[in-house]
Each structure stands twice: as C-alpha cells, then as structure tokens.
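Worksheet: one structure, shown below.
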Amino acid sequence: MGTINTAFGIMTQALDADQAALNVVANNVANANTTGYTEETPDWQENAPISINGVSYGTGVTETGATSQRDRILEERLDQQQQLASASSTRLSALNSIQALFTPDSGSSSSSTAGDIGSDLTSFFDSFSSLEANPTDNSLREEVLSSASTLASDISSTAASLNAQRTALDQEAGGTASQINALTASIAKLNQQIQSASPDGDAGTLEDQRQQDLSQLSQLIGINQVTTENNGLSITTTSGQLLVSEGQSFQLTTGTVNGVTDFFLGGADVTSQLTSGGGELGGYLTARDQDIPSVLGSLDQLAYDISTSVNTQNNAGTDLDGATGAAVAGSTTGAWTLDIFSPPPTLAANEASGGTVVAGAAAAMSVVMTDPSQIAAAGATEGTGDNSNAVTMAALAGQAFVSGQTPSNYYSNFVSTLGSTVSQVETENTAQNASVSQLQTQNDALSSVNLNDEASAMTTLERSYQAASQVFTMLNTIMDSALNLGVETAVS
Amino acid sequence: MQVDPNYLSNMASSLDQVQATEQQLTTELSSGVRVTSLSQDPLAAGENVLLLNQIQQDDSFTSSSNLVTGQLQVADSALGSVVSEITQAISLATSANNGTMNSSDVKSISSQISGILDEVQTLANTSYHGQYIFAGGQTSTTPFATSTATSPAVTSYSGDEDVNYLEMPNGQKIQLNVPGDQIFLGNGTNSVFGALNALVADYASGIVNTTQAVSDTEALSTALNYVSQQRVSIDNSITQLTDATSAVSSEQTQLTSAQTNLMQADVAQVSSQLSLAETQQTALEDVFSQLGSASNDLFSKLQP
C-alpha cells in the first residue's frame with residue numbers, strides 16, 4: 001500500500017514537473033522575438049533515493065528551474081567585435097562627409113568648375129601667365145583678382161565646412177556621455193540584484209538584461225569586462241579606467257578644453273585614451289581629434305604658403321602706378337601695401353590658442369586687394385610695361401614652396417592620402433561587420449529561441465505528461481483492486 | 001548542429017547591400033564618371049589633379065599666345081613699313097648724290113626725306129592696345145621725339161632696354177619685343193634716325209657736299225640692314241609661338257584623353273556588373289519569399 005501511495009506521489013510530482021517544464025517552453029515561445037532573450041531549458045533533478053533495509057527506492061523527479069543557454073565568452077567576443085565595428089563605422093561616416101568636400105573634378109570644362117581647389121590653384125597661376133602677354137591690360141588684371149578670389153573663397157569655405165563638421169562631431173560625442181552614464185548605472189544596479197539573487201549560477205532574466213546593457217554600452221564606448229566573485233562584473237574602458245565596479249558605477253563627465261568637449265572620469269582627463277578605445281565615442285573622437293585636424297592642417301599649410309609667397313612676390317615688383325611694396329605702418333597683422341591676400345593669422349595669435357604657425361590660415365584666407373592696377377606685373381626697377389614679375393609669379397606654380405612641393409603636387413598628394421585613409425577604414429569596417437555578423441550568427445544559434453526546437457520539446461513533454469497520467473490511471477486501477485482485495489464490487 | 005533561427009533577417013541585410021551596390025553602379029552609369037569619391041580610387045584622384053593642372057595650363061597658354069601673336073604681327077608689319085620707307089629715302093638720297101640736280105630739287109629732296117623721317121618716327125611710336133611696343137618697359141610714354149634745336153636734328157629715345165618674355169609650359173621663353181633704341185638708334189653705330197637726320201641736314205641748303213652725303217647714304221643702307229635683322233628676331237618669335245602653340249595643343253589633346261580614360265566609367269563593365277547585381281537581388285527576393293512563408297515551421301505541422 002505504501003508503495004502504491006509513494007507511486008502516486010511520484011507521478012504527481014512528475015505531472016508537476018512536466019507542467020513546470022511546459023511553462024518554460026511557453027515562456028520561450030512567448031519571448032521568441034524579445035531582444036536579448038536567451039532560450040531557457042528546464043532543469044530536471046532526480047530526487048534522492050530512499051534506502052530501506054538496504055533496498056533503495058527512487059523518489060521521482062523535480063523540475064528545479066530553467067537554465068539560460070548562454071555562452072559568456074561568446075557574448076564577450078561579440079561585444080568586443082561590436083566595439084570595433086561601431087568605432088570604424090562612426091569614423092567612416094565622418095570621413096565620408098570630409099571627403100565629400102573634395103570630390104574629384106571630372107574635368108568636363110576647362111577651367112570653370114567651381115569648388116575644386118585643384119583647378120582653382122591652376123587658374124590662379126595661369127592668370128599670371130596670361131598677364132605676361134599684356135601686363136598693362138586691365139581685364140587681364142581683373143582676371144587675376146577674380147581667380148584669387150575664387151581660390152580664397154573655396155579654401156576658406158572648405159575650412160569653414162570642416163570646422164562645422166568638427167563642431168557637429170563634438171556635440172555627438174558629448175551626447176553619448178549621458179547614454180553611457182545611464183547604462184553604467186543600470187548595469188551597476190543589475191549587478192547588485194544578480195549578486196544577491198543568484199551568486200552561484202546563471203541569473204536568467206536579470207542576466208539577459210545585463211547582457212543587453214553591456215551590448216549597448218560596448219557599441220557606445222570600448223570596454224573590458226572582468227567577472228568578479230559572486231557572479232559580479234567590473235567594467236573598465238579599454239585603457240583601464242574604471243566605469244563599473246560591481247554595484248557601483250562611475251560617471252563620465254564632460255568639460256570644454258580648448259574649444260572642444262573633453263571627457264573626465266574621476267577627475268582625470270581621459271579623452272586621448274577614449275579616442276583609441278573603440279565604440280561610437282572612440283569613432284567620434286578619432287574623427288574629431290585626428291582626421292579633421294589633419295585635413296585642416298594640410299589646407300592651412302597650403303593657404304599659408306600661397307598667401308605669404310604670392311604677397312611677398314607681388315610686393316617685390318612694380319605696379320601699374322609705378323609703386324613698389326612697403327610695410328603698412330602700424331599694422332598688427334604684418335600687412336604690406338601690395339598684398340593680394342590677407343596676411344595669415346600671426347604666430348603670436350596662434351600660440352595663444354595652442355595652435356601651430358599655420359593654424360587658421362585656410363579659414364581666414366581672403367583677397368584684400370581691390371584695385372587691379374596694384375598687381376605688380378613689372379620687375380622691381382623696371383618700367384610699367386615690363387612683365388618679369390608676372391613671369392616670376394606664374395613660375396611659382398612650378399616651385400616647391402608648399403612644404404617642399406609645388407602647390408599642385410601638394411594638393412594631389414593630399415587628396416590621394418585622404419582617399420587612401422577613407423578606403424582603408426572602409427575595408428576595416430567591412431571586415432569587422434562581417435566578423436560581427438558571424439559571431440552574431442553563432443550566438444543566435446546557441447541562445448535564440450528556435451521555434452522548431454520548442455515545438456519538439458513541447459511534444460515530448462506532452463507525451464511524457466500523457467504517459468504520467470496513464471501511469472496514474474493504471475495505479476488508480478491497481479489501488480482499486482488492492483482495496484477490493486481482488487473482488488469486483490462497488491468501489492471503483 | 002545548431003542553426004541560427006534568425007537567418008532570414010540576416011538575409012535582409014544582404015539584400016540591403018545588393019541594393020546599395022546597384023545604386024552606386026547606376027550613378028556611375030548615368031554620370032559617366034568612375035571615380036565619384038576619393039576613396040574609390042585614391043591614386044587616380046591624385047593623378048587626376050595633376051593631369052587637369054597640366055591641361056589647364058596648356059589651354060591658358062594657347063589663349064595667351066593668340067593675344068601675343070597679334071602684338072608681334074603689328075610690330076612686324078610696322079617694321080615692314082619702316083623698311084620700305086628707308087628704301088625710298090635711300091633712292092632719293094642716291095639720286096641727289098649723282099650731281100645732276102639743281103639746288104631747289106635738292107632742297108625738295110631734303111624735305112621729302114624729312115617727311116620720311118616723320119613717317120618712320122610715327123611707325124617707331126606704334127602702339128598696340130594703348131601701349132607703345134618699341135619702348136622697352138616704358139610703354140606708357142612716347143619713345144621717340146625729334147628736336148630741331150640743332151642741325152642736324154637729334155631724335156632721342158625715352159624708353160628703356162627692357163625685354164619681355166612669354167614663358168611656355170615647358171619652361172622655354174619666347175621674346176615678345178625688341179627695345180626701340182636697339183632697332184632705330186642701332187646702339188649709336190647703325191642709327192636709322194641718325195642717318196636720316198644727317199641726310200636732311202646735308203640737303204637742306206640745296207648744296208650737296210658729296211663725300212659727306214655719300215657716307216651718310218651708306219650709313220643709312222647699313223642701318224636698313226640692321227633694321228631687317230631686328231625684324232628677323234620678331235619673325236622668329238612669331239614662328240616659335242606658332243610651333244609652340246601647335247605642340248601644346250597636341251599635348252593637351254593627349255592629356256585630355258589620358259584624363260578621360262582615368263576617370264571615365266567603362267560602360268560595358270558597369271552594365272554587366274549592374275545586371276549581375278539585379279540578378280542577385282531577384283534571387284535573394286525569391287529565397288526570401290520561399291523560406292519566409294508561414295507553413296515552414298514545426299508548429300504548423302503539429303495541428304492535431
């Protein structure tokens with residue numbers, strides 16, 4: 001009798017266990033499309049057998065909960081790869097905006113495609129070549145001034161666009177700080193909950209949420225994850241600054257330094273470490289602090305060298321009124337009387353804002369000369385019909401005065417280098433995206449809800465439930481016989 | 001072996017990629033330009049800058065040389081007229097020197113030669129677009145003026161020795177002018193004006209000092225040869241310019257075709273790539289519709 005009762009007990013437990021397992025399956029199917037949800041499998045635990053007089057009797061099964069199918073290592077690898085991919089794709093989109101300012105001239109018309117600095121340079125020096133033919137002709141002189149204007153305005157507007165892009169990147173970077181802080185705070189809280197709820201095993205849904213936050217965080221900023229005791233987690237930036245230490249998170253603060261937003265962790269300026277760290281923030285900072293300044297620096301060098309060399313040469317000649325160039329009395333910018341371009345910002349002014357000799361030359365480039373008769377086509381001591389200074393100025397186009405190269409060569413190398421950089425980042429980004437999708441596929445294969453698997457699990461459990469209830473029915477009949485001691489009577 | 005249940009959504013990103021490729025190829029085809037951004041071909045972009053620079057320079061030179069050719073031709077024709085005026089003066093002087101003329105005829109020859117001198121001076125003061133072409137670098141002041149204060153009169157030059165050159169794209173220089181004093185005052189020894197003024201003085205009184213007159217006539221002949229030589233250097237410049245212009249023109253044509261080849265889209269290649277991309281897109285869409293249809297998972301087969 002006792003054994004039959006025990007059997008009833010075992011079967012009841014089996015039915016309960018099956019129901020609990022079906023619950024897990026139902027939960028899986030309900031969450032099949034939830035982002036970050038990891039498939040759970042029910043855990044079966046055989047109950048400890050009882051030993052009576054040396055004979056051991058089994059005591060059935062208990063469903064002890066569900067285990068999430070998750071591979072921590074795989075998830076961490078995926079996060080790291082996403083950091084890299086998101087850094088390069090952010091940087092790539094910034095670079096694409098930069099290179100859009102320098103679209104190659106298709107050359108369909110000879111010298112009037114506006115907006116291409118390369119052809120503006122050529123037109124400017126060509127205007128002096130044309131002046132050689134007839135140095136006193138007013139329309140040729142006007143042409144010199146107008147091509148100088150076109151060159152100056154294209155360079156300065158490109159520099160202005162670059163500065164505007166830099167400001168936009170700065171704002172985007174600053175905007176990520178608050179998102180990062182929200183995520184680190186959320187992770188810290190989840191850490192506390194996980195550590196107190198399940199310090200020894202997988203924390204199920206809480207773990208899913210933490211992993212979601214980690215995945216979003218790694219897209220924003222490059223991180224390293226360190227698992228600590230009791231299922232806790234510490235997060236540092238890629239270069240080692242602490243962001244989350246188990247239940248405590250540290251805020252990333254921003255401040256303006258030298259006109260751009262810098263990032264501080266615990267009082268220390270970590271901007272340069274974050275630049276190479278990965279994530280969107282790394283991408284924004286790389287574009288803001290490396291790519292744009294490099295392009296602006298080259299433009300500045302070009303503008304500076306052209307402004308100063310052309311001005312110097314023009315001041316060395318004789319203009320149509322017979323005058324030669326002289327320093328303007330009391331000028332704080334180093335202006336001379338026959339300057340064609342405005343003198344670039346002085347070194348003293350640049351040093352005050354932490355810049356180099358040539359900084360700001362491109363943005364400030366403009367034509368100050370208004371009277372075409374001030375173009376000194378004639379040589380220093382020659383009559384006004386002489387063209388030797390015009391010849392010299394035209395010949396500047398073939399002289400290596402822009403950082404050791406001719407203006408055209410310098411610009412040509414500049415666009416090639418920029419194009420190569422963008423192309424390289426494109427390649428990296430494509431490779432990284434491929435890697436991310438491969439890891440994502442692996443991870444999904446393990447952790448995503450596969451409806452076919454759930455369907456078969458459900459069928460198995462259904463059958464097992466049916467079997468258990470069948471056994472129950474059998475036991476009931478047996479009990480019935482036992483009660484009636486083998487005689488078929490009313491109790492059934 | 002486990003399967004990624006999300007493979008359909010991964011295909012969606014492949015479909016996006018194919019569409020992006022199609023878009024780019026279509027842009028290339030419609031604009032005819034292969035390199036629409038620096039990153040597509042950085043080396044070609046750099047090369048393009050240099051080629052366009054050269055092409056533009058050649059184009060600019062061709063326009064300048066047309067301007068300059070006009071000026072040189074004006075100088076040449078002025079000198080041509082000078083030569084014929086001097087030739088006439090020489091024949092007048094020769095006829096006066098043969099001793100068969102009377103005093104009033106000689107005086108009239110003097111005034112005719114004086115008229116020729118005025119003509120030659122006007123020619124020496126030729127201007128082109130408002131600038132005196134035989135004044136060296138002082139092109140805004142009249143170069144030659146004759147003072148009758150002394151006898152013989154003296155024609156003086158107020159220009160300078162400056163010579164202008166036009167620089168070709170390959171660095172060669174073409175001379176654009178010859179200073180007036182070099183042509184007409186012959187550095188003192190072969191002076192056209194000197195000889196003409198001397199002859200005017202020789203015949204002014206009506207009485208011919210034959211030795212003096214003959215030597216002055218010979219000086220004028222020598223001066224004429226000298227002028228013709230100077231004219232040659234102007235003619236040389238014209239020839240040089242014509243040759244240079246045609247060389248530069250053909251270089252420009254070659255460079256233009258090189259630049260076009262570099263930057264232009266290969267229509268055949270782009271069209272076939274576009275057709276491949278379209279085929280791929282259609283194939284992906286078909287796979288999508290086949291695999292994504294609702295009756296494909298186990299749940300739908302488990303209908304009781």
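In the structure tokens, the first chain shown is A, the next is B, and so on; residue numbers restart at 1 for each chain, and ligands run from 1 in the order shown.
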> Which residues of chain A are close to chain B, meaning at most 8 Å apart when you count only C-alpha atoms, and how do they look as a PyMOL selection string?
Replying inline: chain A and resi 99-100+102-107+110-111+118-119+122-123+126+129-130+132-134+136+382-388+391+408-409+411-423+441-442+444-446+448-452+455-456
>> Residues within 6 Å of region 222-228 of chain B, please, as a PyMOL selection string. Count only C-alpha atoms; anything in the same chain fewer than 3 positions from it doesn't count.
In response: chain B and resi 183+190-192+219+231
Residues from the last selection, C-alpha atoms, saved as a tab-separated table (two decimals), in the first residue's frame:
chain	number	residue	atom	x	y	z
B	183	ILE	CA	66.20	98.97	-83.76
B	190	ASN	CA	73.75	101.93	-87.14
B	191	SER	CA	71.25	104.59	-86.26
B	192	VAL	CA	68.37	104.98	-88.70
B	219	ALA	CA	75.22	104.75	-93.19
B	231	ARG	CA	62.85	92.31	-87.75
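Between CA of Thr381 (chain A) and CA of Thr332 (chain A) the separation is 28.7 Å.
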> If you measure from CA of Glu40 (chain A) to CA of Thr205 (chain A), what distance in Å do you get, rounded to one decimal?
Replying inline: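 Computing it gives 9.6 Å between the two atoms.
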> Which residues, written as JSON, numbers by chain, have at least one atom at most 6 Å from region 207-213 of chain A, with only C-alpha atoms counted and residues fewer than 4 positions away on the same chain left out?
Replying inline: {"A": [36, 37, 187, 203, 217]}
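Contact shell of region 84-89 of chain A at 6 Å (only C-alpha atoms; same-chain neighbours under 3 positions omitted): A:Gln81, A:Leu92, A:Gln219, A:Gly278, A:Gly279, A:Glu280, A:Gly282, A:Gly283, A:Asn429, A:Gln432, A:Asn433.
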>> Nearest residue to Ile292 (chain A) out of A:Ser153, A:Ser161, A:Ser146, A:Ser68, using only C-alpha atoms?
In response: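 The closest residue to Ile292 (chain A) is A:Ser161.
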>> Let's see if you can do this: from backbone DSSP, list all alpha helix (DSSP H) residues in region 100-336 of chain A, as a VMD selection string.
In response: chain A and resid 117 to 133 138 to 197 205 to 220 271 to 275 279 to 286 292 to 315
Next, the residues of the selection above should be written as a tab-separated table (two decimals), in the first residue's frame with C-alpha atoms.
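Final output, saved to selection_23.tsv:
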chain	number	residue	atom	x	y	z
A	117	ILE	CA	40.64	73.67	-55.14
A	118	GLY	CA	43.00	71.91	-57.55
A	119	SER	CA	41.62	73.70	-60.59
A	120	ASP	CA	41.38	76.98	-58.64
A	121	LEU	CA	45.12	76.77	-57.95
A	122	THR	CA	45.86	76.23	-61.62
A	123	SER	CA	43.55	79.03	-62.76
A	124	PHE	CA	45.16	81.43	-60.32
A	125	PHE	CA	48.70	80.84	-61.53
A	126	ASP	CA	47.50	80.70	-65.14
A	127	SER	CA	46.03	84.19	-64.73
A	128	PHE	CA	49.59	85.42	-64.19
A	129	SER	CA	50.74	83.55	-67.30
A	130	SER	CA	48.06	85.34	-69.29
A	131	LEU	CA	49.16	88.64	-67.75
A	132	GLU	CA	52.66	88.07	-69.15
A	133	ALA	CA	51.30	88.58	-72.65
A	138	ASN	CA	43.12	95.93	-67.15
A	139	SER	CA	40.85	93.00	-67.96
A	140	LEU	CA	43.73	90.54	-67.50
A	141	ARG	CA	44.50	92.15	-64.15
A	142	GLU	CA	40.84	91.86	-63.13
A	143	GLU	CA	41.08	88.20	-64.06
A	144	VAL	CA	44.00	87.76	-61.64
A	145	LEU	CA	41.99	89.25	-58.80
A	146	SER	CA	38.88	87.25	-59.61
A	147	SER	CA	40.74	83.94	-59.78
A	148	ALA	CA	42.47	84.83	-56.50
A	149	SER	CA	39.02	85.45	-55.02
A	150	THR	CA	37.69	82.10	-56.24
A	151	LEU	CA	40.71	80.29	-54.77
A	152	ALA	CA	40.46	82.09	-51.43
A	153	SER	CA	36.73	81.59	-51.12
A	154	ASP	CA	36.87	77.88	-52.00
A	155	ILE	CA	39.64	77.26	-49.49
A	156	SER	CA	38.02	79.28	-46.75
A	157	SER	CA	34.57	77.77	-47.26
A	158	THR	CA	36.03	74.26	-47.21
A	159	ALA	CA	37.80	75.12	-43.95
A	160	ALA	CA	34.54	76.52	-42.59
A	161	SER	CA	32.70	73.29	-43.50
A	162	LEU	CA	35.39	71.23	-41.80
A	163	ASN	CA	35.11	73.34	-38.67
A	164	ALA	CA	31.33	72.94	-38.73
A	165	GLN	CA	31.70	69.17	-39.07
A	166	ARG	CA	34.10	69.20	-36.17
A	167	THR	CA	31.55	71.02	-34.01
A	168	ALA	CA	28.85	68.54	-35.00
A	169	LEU	CA	31.08	65.58	-34.09
A	170	ASP	CA	31.88	67.27	-30.83
A	171	GLN	CA	28.19	67.53	-29.99
A	172	GLU	CA	27.53	63.91	-30.93
A	173	ALA	CA	30.42	62.79	-28.76
A	174	GLY	CA	29.16	64.85	-25.86
A	175	GLY	CA	25.70	63.37	-26.30
A	176	THR	CA	26.96	59.83	-25.83
A	177	ALA	CA	28.20	60.63	-22.33
A	178	SER	CA	24.72	60.75	-20.84
A	179	GLN	CA	23.73	57.50	-22.57
A	180	ILE	CA	26.88	55.84	-21.25
A	181	ASN	CA	26.17	57.04	-17.74
A	182	ALA	CA	22.60	55.71	-17.86
A	183	LEU	CA	23.83	52.31	-19.00
A	184	THR	CA	26.59	52.03	-16.40
A	185	ALA	CA	24.13	52.97	-13.64
A	186	SER	CA	21.70	50.33	-14.88
A	187	ILE	CA	24.44	47.69	-15.02
A	188	ALA	CA	25.57	48.51	-11.50
A	189	LYS	CA	22.04	48.08	-10.21
A	190	LEU	CA	21.63	44.77	-12.06
A	191	ASN	CA	24.96	43.64	-10.63
A	192	GLN	CA	23.63	44.20	-7.13
A	193	GLN	CA	20.44	42.31	-7.89
A	194	ILE	CA	22.26	39.44	-9.55
A	195	GLN	CA	24.81	39.12	-6.81
A	196	SER	CA	22.16	38.95	-4.15
A	197	ALA	CA	19.71	36.76	-6.12
A	205	THR	CA	16.29	37.19	-16.99
A	206	LEU	CA	18.44	39.55	-14.93
A	207	GLU	CA	21.47	38.24	-16.74
A	208	ASP	CA	19.69	38.81	-20.06
A	209	GLN	CA	19.05	42.42	-19.14
A	210	ARG	CA	22.62	42.92	-18.03
A	211	GLN	CA	23.87	41.45	-21.27
A	212	GLN	CA	21.59	43.78	-23.24
A	213	ASP	CA	23.00	46.77	-21.41
A	214	LEU	CA	26.55	45.53	-21.96
A	215	SER	CA	25.91	45.11	-25.65
A	216	GLN	CA	24.55	48.65	-25.97
A	217	LEU	CA	27.36	50.03	-23.84
A	218	SER	CA	30.04	48.36	-25.95
A	219	GLN	CA	28.58	49.94	-29.03
A	220	LEU	CA	28.94	53.32	-27.41
A	271	THR	CA	39.86	61.90	-23.81
A	272	SER	CA	43.00	60.71	-25.55
A	273	GLN	CA	42.63	57.20	-24.09
A	274	LEU	CA	38.99	57.07	-25.18
A	275	THR	CA	39.95	58.09	-28.73
A	279	GLY	CA	32.86	52.24	-29.72
A	280	GLU	CA	30.97	55.17	-31.23
A	281	LEU	CA	32.69	57.54	-28.82
A	282	GLY	CA	36.09	56.34	-30.00
A	283	GLY	CA	34.98	56.84	-33.60
A	284	TYR	CA	33.70	60.37	-32.99
A	285	LEU	CA	36.81	61.34	-31.07
A	286	THR	CA	39.17	59.89	-33.70
A	292	ILE	CA	39.69	66.63	-39.20
A	293	PRO	CA	42.71	68.42	-37.71
A	294	SER	CA	44.97	66.58	-40.16
A	295	VAL	CA	42.91	67.69	-43.17
A	296	LEU	CA	42.56	71.24	-41.83
A	297	GLY	CA	46.30	71.31	-41.12
A	298	SER	CA	47.07	70.48	-44.76
A	299	LEU	CA	44.66	73.12	-46.03
A	300	ASP	CA	46.13	75.63	-43.60
A	301	GLN	CA	49.64	74.87	-44.85
A	302	LEU	CA	48.51	75.37	-48.46
A	303	ALA	CA	46.69	78.63	-47.69
A	304	TYR	CA	49.54	79.97	-45.58
A	305	ASP	CA	52.27	79.24	-48.11
A	306	ILE	CA	50.30	80.60	-51.04
A	307	SER	CA	49.20	83.76	-49.23
A	308	THR	CA	52.67	84.57	-47.96
A	309	SER	CA	54.63	83.67	-51.12
A	310	VAL	CA	52.29	85.47	-53.52
A	311	ASN	CA	52.11	88.53	-51.27
A	312	THR	CA	55.90	88.68	-50.92
A	313	GLN	CA	56.42	88.35	-54.66
A	314	ASN	CA	53.84	91.00	-55.51
A	315	ASN	CA	55.34	93.43	-53.01
> If you count only C-alpha atoms, which residues fall within 12 Å of Ser147 (chain B), apart from same-chain ones fewer than 2 positions away, as a VMD selection string?
Replying inline: chain B and resid 118 144 to 145 149 to 157 193 197
Just C-alpha atoms for this one: save the residues we selected as a compact mmCIF listing (two decimals), in the first residue's frame.
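Output file result-v1.txt is given in full below:
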# COMPACT_ATOMS: atom_id res chain seq x y z
CA ASP B 118 58.40 111.78 -89.62
CA PHE B 144 60.82 108.76 -79.88
CA ALA B 145 60.91 112.55 -80.29
CA ALA B 149 67.23 122.73 -81.89
CA THR B 150 70.46 121.58 -83.50
CA SER B 151 71.38 120.91 -87.10
CA PRO B 152 71.33 118.04 -87.91
CA ALA B 153 68.26 117.41 -85.68
CA VAL B 154 68.52 114.77 -82.97
CA THR B 155 65.94 112.03 -82.37
CA SER B 156 66.08 110.80 -78.82
CA TYR B 157 64.69 107.68 -77.11
CA PHE B 193 67.33 108.30 -87.23
CA ASN B 197 68.65 113.43 -89.73
> Separation of CA of Met474 (chain A) and CA of Tyr57 (chain A), in Å?
Replying inline: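 If I compute the distance from CA of Met474 (chain A) to CA of Tyr57 (chain A), I get 19.7 Å.
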>> Need to verify the contact set: Thr346 (chain A), 12 Å, only C-alpha atoms, exclusion of same-chain residues closer than 3 positions in sequence. Can you return it as a ChimeraX atom specification?
In response: /A:304,308,331-335,342-343,349-353,355-361,364
